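Novice: Supplied structure: query23.cif, mmCIF, C-alpha atoms.
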```cif
data_structure
loop_
_atom_site.label_atom_id
_atom_site.label_comp_id
_atom_site.auth_asym_id
_atom_site.auth_seq_id
_atom_site.Cartn_x
_atom_site.Cartn_y
_atom_site.Cartn_z
CA ALA Q 9 68.27 118.56 100.72
CA PHE Q 10 65.25 116.30 101.31
CA PRO Q 11 62.77 116.72 99.79
CA GLU Q 12 64.05 118.77 96.88
CA LYS Q 13 62.33 119.10 93.50
CA ASP Q 14 65.09 120.97 91.64
CA LEU Q 15 67.99 118.53 91.45
CA ILE Q 16 69.79 119.83 88.35
CA VAL Q 17 73.51 119.11 88.22
CA SER Q 18 75.33 121.29 85.74
CA TYR Q 19 78.86 120.29 84.80
CA GLU Q 20 81.59 122.72 83.79
CA ASP Q 21 84.29 122.59 81.10
CA ARG Q 22 86.87 121.83 83.79
CA ASP Q 23 85.00 118.57 84.56
CA PHE Q 24 86.31 117.15 81.24
CA ILE Q 25 83.14 115.12 80.61
CA GLN Q 26 83.52 112.68 77.70
CA PRO Q 27 80.68 111.28 75.53
CA ASP Q 28 81.23 107.70 76.70
CA GLU Q 29 81.02 108.55 80.40
CA VAL Q 30 78.21 107.29 82.60
CA LEU Q 31 76.96 110.14 84.75
CA THR Q 32 74.65 109.89 87.75
CA VAL Q 33 71.14 111.28 87.69
CA GLU Q 34 68.55 111.44 90.44
CA LEU Q 35 64.83 110.94 89.70
CA ALA Q 36 63.44 111.15 93.24
CA ARG Q 37 64.56 111.37 96.85
CA GLY Q 38 63.91 108.89 99.61
CA CYS Q 39 62.51 105.36 99.70
CA LYS Q 40 58.98 104.39 100.65
CA PHE Q 41 60.08 100.96 101.85
CA LYS Q 42 61.62 99.96 105.17
CA CYS Q 43 63.66 96.86 104.45
CA LYS Q 44 64.99 95.56 107.76
CA PHE Q 45 68.63 95.48 106.62
CA CYS Q 46 68.74 98.98 105.10
CA SER Q 47 70.54 101.82 106.83
CA PHE Q 48 69.54 104.55 104.36
CA SER Q 49 68.50 107.64 106.30
CA VAL Q 50 65.36 108.55 104.33
CA LEU Q 51 63.11 105.48 104.63
CA GLY Q 52 59.34 105.18 104.83
CA VAL Q 53 58.72 108.23 102.64
CA ARG Q 54 55.05 108.91 101.95
CA GLY Q 55 53.87 110.96 99.01
CA ASP Q 56 55.56 111.99 95.80
CA TYR Q 57 59.18 113.12 96.03
CA THR Q 58 59.84 112.91 92.31
CA ARG Q 59 62.07 115.65 90.98
CA CYS Q 60 60.77 118.21 88.51
CA LEU Q 61 60.51 116.49 85.12
CA ASP Q 62 61.41 119.71 83.29
CA GLY Q 63 64.59 119.92 85.39
CA PHE Q 64 65.41 116.32 84.51
CA LYS Q 65 64.97 117.03 80.80
CA THR Q 66 67.05 120.21 81.07
CA GLU Q 67 69.88 118.33 82.78
CA VAL Q 68 70.11 115.40 80.37
CA LYS Q 69 69.63 117.69 77.34
CA GLU Q 70 72.48 119.95 78.49
CA ASN Q 71 74.72 116.92 79.04
CA TYR Q 72 73.89 115.64 75.57
CA ASP Q 73 74.33 119.01 73.84
CA ARG Q 74 77.56 119.90 75.64
CA TRP Q 75 79.23 116.53 76.12
CA GLY Q 76 77.36 113.96 74.02
CA VAL Q 77 76.45 111.95 77.14
CA THR Q 78 73.49 109.56 76.91
CA SER Q 79 74.22 107.03 79.68
CA TYR Q 80 73.32 107.40 83.35
CA THR Q 81 73.28 105.48 86.58
CA VAL Q 82 70.07 106.39 88.40
CA SER Q 83 70.87 107.00 92.06
CA ASP Q 84 67.34 106.35 93.37
CA GLU Q 85 66.95 103.71 96.03
CA THR Q 86 63.94 102.22 94.19
CA ILE Q 87 63.16 103.48 90.70
CA ASN Q 88 59.96 101.46 90.27
CA ASP Q 89 58.33 102.51 93.53
CA ARG Q 90 55.45 104.34 91.81
CA THR Q 91 53.82 103.68 88.44
CA GLU Q 92 53.02 107.39 88.01
CA LYS Q 93 56.72 108.24 88.29
CA LEU Q 94 57.59 105.67 85.61
CA ILE Q 95 54.92 107.05 83.28
CA GLY Q 96 56.17 110.62 83.79
CA TYR Q 97 59.79 109.70 83.09
CA GLY Q 98 58.78 107.55 80.13
CA ASP Q 99 56.98 110.56 78.64
CA ALA Q 100 59.90 112.87 79.42
CA VAL Q 101 62.48 110.57 77.82
CA GLN Q 102 60.30 109.99 74.77
CA SER Q 103 60.09 113.77 74.23
CA LEU Q 104 63.88 114.03 73.88
CA ASP Q 105 65.55 114.07 70.46
CA PHE Q 106 68.12 111.43 71.53
CA ASP Q 107 68.01 108.06 73.29
CA LEU Q 108 68.95 107.60 76.93
CA ASN Q 109 70.57 104.52 78.44
CA LEU Q 110 69.72 104.20 82.13
CA PHE Q 111 70.92 101.77 84.79
CA GLY Q 112 69.41 101.51 88.25
CA PHE Q 113 67.78 99.66 91.10
CA LEU Q 114 64.37 98.01 90.69
CA ARG Q 115 62.50 95.92 93.24
CA GLY Q 116 61.99 92.44 91.87
CA ASP Q 117 58.74 91.92 93.74
CA LEU Q 118 57.28 95.04 92.10
CA VAL Q 119 58.41 93.82 88.69
CA ALA Q 120 56.52 90.60 89.49
CA SER Q 121 53.35 92.28 90.69
CA ARG Q 122 53.14 95.15 88.18
CA HIS Q 123 53.77 93.80 84.68
CA GLY Q 124 52.17 96.95 83.24
CA ASP Q 125 55.17 98.95 84.46
CA TRP Q 126 57.52 97.09 82.11
CA GLU Q 127 56.46 99.26 79.17
CA HIS Q 128 57.08 102.47 81.12
CA ILE Q 129 60.48 101.24 82.29
CA ALA Q 130 61.37 100.48 78.66
CA ARG Q 131 60.12 103.89 77.48
CA MET Q 132 62.49 105.50 80.01
CA GLY Q 133 65.48 103.80 78.40
CA LEU Q 134 66.01 101.90 81.66
CA TRP Q 135 67.22 98.64 80.18
CA SER Q 136 70.01 97.85 82.64
CA HIS Q 137 68.59 96.69 85.96
CA PHE Q 138 69.98 95.97 89.39
CA TYR Q 139 67.76 93.86 91.63
CA GLY Q 140 68.21 93.50 95.38
CA ILE Q 141 66.74 90.02 95.65
CA GLU Q 142 68.50 89.27 98.97
CA SER Q 143 67.39 85.61 98.98
CA PHE Q 144 65.37 83.10 97.00
CA THR Q 145 64.78 81.15 100.22
CA HIS Q 146 61.28 82.25 101.17
CA SER Q 147 61.73 82.16 104.95
CA ALA Q 148 65.01 84.11 104.74
CA ALA Q 149 63.47 86.77 102.50
CA LYS Q 150 60.47 87.07 104.83
CA SER Q 151 62.81 87.65 107.77
CA ILE Q 152 63.87 90.97 106.21
CA GLY Q 153 60.46 92.04 104.96
CA LYS Q 154 60.49 90.62 101.44
CA GLY Q 155 57.84 87.95 101.44
CA MET Q 156 56.90 87.30 97.81
CA ALA Q 157 57.14 83.68 96.73
CA PRO Q 158 60.59 83.19 95.17
CA ASP Q 159 59.28 81.34 92.12
CA ARG Q 160 57.02 84.28 91.31
CA VAL Q 161 60.01 86.66 91.46
CA LYS Q 162 62.12 84.30 89.32
CA ASP Q 163 59.35 84.02 86.72
CA ALA Q 164 59.07 87.81 86.58
CA LEU Q 165 62.81 88.25 86.13
CA PHE Q 166 62.80 85.84 83.19
CA GLY Q 167 59.66 87.51 81.88
CA ILE Q 168 61.06 91.05 81.94
CA GLN Q 169 64.26 89.78 80.32
CA ASP Q 170 62.20 88.33 77.46
CA TYR Q 171 60.12 91.51 77.25
CA PHE Q 172 63.18 93.77 76.93
CA ASN Q 173 65.01 91.52 74.49
CA LYS Q 174 61.91 91.38 72.29
CA ASN Q 175 60.74 95.01 72.57
CA VAL Q 176 63.91 96.99 73.26
CA GLY Q 177 66.60 94.76 71.78
CA LYS Q 178 68.85 94.99 74.81
CA TYR Q 179 68.75 94.04 78.45
CA ARG Q 180 71.22 93.67 81.27
CA ALA Q 181 70.52 92.59 84.82
CA THR Q 182 72.47 92.10 87.99
CA TYR Q 183 71.14 91.01 91.34
CA SER Q 184 72.49 90.89 94.84
CA GLN Q 185 71.93 88.50 97.67
CA ILE Q 186 72.64 88.70 101.37
CA ILE Q 187 74.56 85.73 102.71
CA GLY Q 188 73.79 84.69 106.29
CA LEU Q 189 70.13 85.68 106.66
CA PRO Q 190 68.11 83.83 109.30
CA THR Q 191 67.05 80.36 108.08
CA GLU Q 192 69.48 80.53 105.14
CA THR Q 193 71.96 77.68 105.10
CA PRO Q 194 74.71 76.88 102.61
CA GLU Q 195 72.43 74.16 101.26
CA THR Q 196 69.38 76.41 100.78
CA TYR Q 197 71.57 79.07 99.18
CA ILE Q 198 73.03 76.62 96.67
CA ASP Q 199 69.61 75.11 95.93
CA GLN Q 200 68.16 78.51 94.95
#
```
Go ahead and render the structure in this file as structure tokens.
Specialist:
Amino acid sequence: AFPEKDLIVSYEDRDFIQPDEVLTVELARGCKFKCKFCSFSVLGVRGDYTRCLDGFKTEVKENYDRWGVTSYTVSDETINDRTEKLIGYGDAVQSLDFDLNLFGFLRGDLVASRHGDWEHIARMGLWSHFYGIESFTHSAAKSIGKGMAPDRVKDALFGIQDYFNKNVGKYRATYSQIIGLPTETPETYIDQ
């Protein structure tokens, strides 16, 4: 189903959806990046594979009206891949008559290089972030195609945390690392 613009998932009464459940929603298909460790089948996507914004609004509105659901895990490989996508979803979420709580994957290097996106991410209700940092050892990160200076990424992560706490009033972040990358040693890992 790649690429597909109409990604509406419609639950049924027999699904027994409860208001406090966290459902999954998809904003776009594929990933434009080609991280060396990734085995995802739809990498290097060019162009806009964002789903239909009206379909997104229909889906989350139905889930709110029928089940009271407002929380979602976003299944996208990289939510912040395109500023235009963030603006569109920010506008869509702001047009709803209820607040959304979104959780999903953001690239830390894009957070560092595009501070203007922070507002759009906040407008989407995307206040719970998962970052695939992989390593704060510069040579190890470069070995897998992530070459931004680690201190710049760290500064951005603290910066976006401050931004969300100040402007949204809530923020949660998790990040992952890959142990055993080339040039990474137990000492460099601990020193990060």
Novice: Could you spell out the hits of the PyMOL selection byres ((chain Q and resi 160) around 12) on the shown file, as a VMD selection string?
Specialist: chain Q and resid 116 to 122 144 146 155 to 159 161 to 167
Novice: Please measure the separation of atom CA of Arg37 of chain Q and atom CA of Arg59 of chain Q, giving the value in Å to one decimal.
Specialist: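 Between atom CA of Arg37 of chain Q and atom CA of Arg59 of chain Q the gap works out to 7.7 Å.
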Novice: Apply the PyMOL selection byres ((chain Q and resi 109) around 8) to the structure shown and report the selected residues as a list in words.
Specialist: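 Taken over the shown coordinates, the PyMOL selection byres ((chain Q and resi 109) around 8) returns Thr78, Ser79, Tyr80, Asp107, Leu108, Leu110, Phe111, Gly133, Leu134, Trp135 and Ser136 of chain Q.
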Novice: Can you write just those residues out, C-alpha atoms, as a PDB file, in the coordinates of the input?
Specialist:
```pdb
ATOM      1  CA  THR Q  78      73.490 109.560  76.910  1.00  0.00           C
ATOM      2  CA  SER Q  79      74.220 107.030  79.680  1.00  0.00           C
ATOM      3  CA  TYR Q  80      73.320 107.400  83.350  1.00  0.00           C
ATOM      4  CA  ASP Q 107      68.010 108.060  73.290  1.00  0.00           C
ATOM      5  CA  LEU Q 108      68.950 107.600  76.930  1.00  0.00           C
ATOM      6  CA  LEU Q 110      69.720 104.200  82.130  1.00  0.00           C
ATOM      7  CA  PHE Q 111      70.920 101.770  84.790  1.00  0.00           C
ATOM      8  CA  GLY Q 133      65.480 103.800  78.400  1.00  0.00           C
ATOM      9  CA  LEU Q 134      66.010 101.900  81.660  1.00  0.00           C
ATOM     10  CA  TRP Q 135      67.220  98.640  80.180  1.00  0.00           C
ATOM     11  CA  SER Q 136      70.010  97.850  82.640  1.00  0.00           C
TER      12      SER Q 136
END
```
Novice: Evaluated on this file, the PyMOL selection byres ((chain Q and resi 67) around 12) picks out some residues - which ones are they, written as a PyMOL selection string?
Specialist: chain Q and resi 14-19+31-35+59-66+68-75+77-78+80+100-101+104
Novice: Quick one, how far is atom CA of Lys174 of chain Q from atom CA of Gln200 of chain Q?
Specialist: 26.8 Å
Novice: At what distance in Å, to one decimal, does atom CA of Gly140 of chain Q lie from atom CA of Glu85 of chain Q?
Specialist: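 So the two atoms, atom CA of Glu85 of chain Q and atom CA of Gly140 of chain Q, lie 10.3 Å apart.
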Novice: Which of these, Q:Val176, Q:Ile152, Q:Ile95, Q:Ile168, has the shortest distance to His123 of chain Q once you count all atoms listed in the file?
Specialist: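 Looking at the shortest contact to His123 of chain Q, the residue is Q:Ile168.
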Novice: Name the closest residue to Gly98 of chain Q among the candidates Q:Leu114, Q:Ile25, Q:Val30, Q:Met132; distances are taken between atoms, counting all atoms listed in the file.
Specialist: Q:Met132
Novice: Using only C-alpha atoms, which residues sit within 8 Å of Ala181 of chain Q once same-chain residues fewer than 3 positions away are excluded, as a PyMOL selection string?
Specialist: chain Q and resi 136-139
Novice: Applying 9 Å and only C-alpha atoms, which residues near Thr91 of chain Q remain after dropping the ones on its own chain fewer than 2 positions away? List them as a list in words.
Specialist: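 Answer for this query is Asn88, Asp89, Lys93, Leu94, Ile95, Gly96, Arg122, Gly124, Asp125 and His128 of chain Q.
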Novice: I need the residue nearest Pro27 of chain Q from this list: Q:Gly76, Q:Thr86, Q:Phe45, Q:Tyr171. Use all atoms listed in the file for the distance.
Specialist: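 Result for the nearest residue to Pro27 of chain Q: Q:Gly76.
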Novice: Between Q:Ile141, Q:Val82, Q:Ile87, Q:Ala130, which residue has the minimum interatomic distance to Lys178 of chain Q, considering all atoms listed in the file?
Specialist: Q:Ala130
Novice: Show me, as a ChimeraX atom specification, the residues that have an atom within 8 Å of Ala36 of chain Q when counting all atoms listed in the file, minus same-chain residues fewer than 6 positions from it.
Specialist: /Q:57-59,84
Novice: Using C-alpha atoms, can you export the residues from the last selection as an mmCIF file, in the frame of the given file?
Specialist:
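Okay, this is what ended up in result-v9.cif:
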```cif
data_model
loop_
_atom_site.group_PDB
_atom_site.id
_atom_site.type_symbol
_atom_site.label_atom_id
_atom_site.label_comp_id
_atom_site.auth_asym_id
_atom_site.auth_seq_id
_atom_site.Cartn_x
_atom_site.Cartn_y
_atom_site.Cartn_z
ATOM 1 C CA TYR Q 57 59.180 113.120 96.030
ATOM 2 C CA THR Q 58 59.840 112.910 92.310
ATOM 3 C CA ARG Q 59 62.070 115.650 90.980
ATOM 4 C CA ASP Q 84 67.340 106.350 93.370
#
```
Novice: Which is closest to Ala148 of chain Q among Q:Gly55, Q:Gly188, Q:Pro194, Q:Gly177, if we use only C-alpha atoms?
Specialist: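 Result for the nearest residue to Ala148 of chain Q: Q:Gly188.
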Novice: List as a CSV table (one decimal) with C-alpha atoms, keeping the file's coordinate frame the protein and nucleic acid residues near Glu192 of chain Q, meaning an atom at most 9 Å away when all atoms listed in the file are counted, but skip any in the same chain fewer than 3 places from it.
Specialist:
```
chain,number,residue,atom,x,y,z
Q,143,SER,CA,67.4,85.6,99.0
Q,145,THR,CA,64.8,81.2,100.2
Q,147,SER,CA,61.7,82.2,105.0
Q,148,ALA,CA,65.0,84.1,104.7
Q,187,ILE,CA,74.6,85.7,102.7
Q,188,GLY,CA,73.8,84.7,106.3
Q,189,LEU,CA,70.1,85.7,106.7
Q,195,GLU,CA,72.4,74.2,101.3
Q,196,THR,CA,69.4,76.4,100.8
Q,197,TYR,CA,71.6,79.1,99.2
```
Novice: From the list Q:Phe113, Q:Trp126, Q:Phe24, Q:Phe172, which residue is nearest Thr81 of chain Q when using only C-alpha atoms?
Specialist: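 Going through Q:Phe113, Q:Trp126, Q:Phe24, Q:Phe172 one by one, the smallest distance to Thr81 of chain Q is for Q:Phe113.
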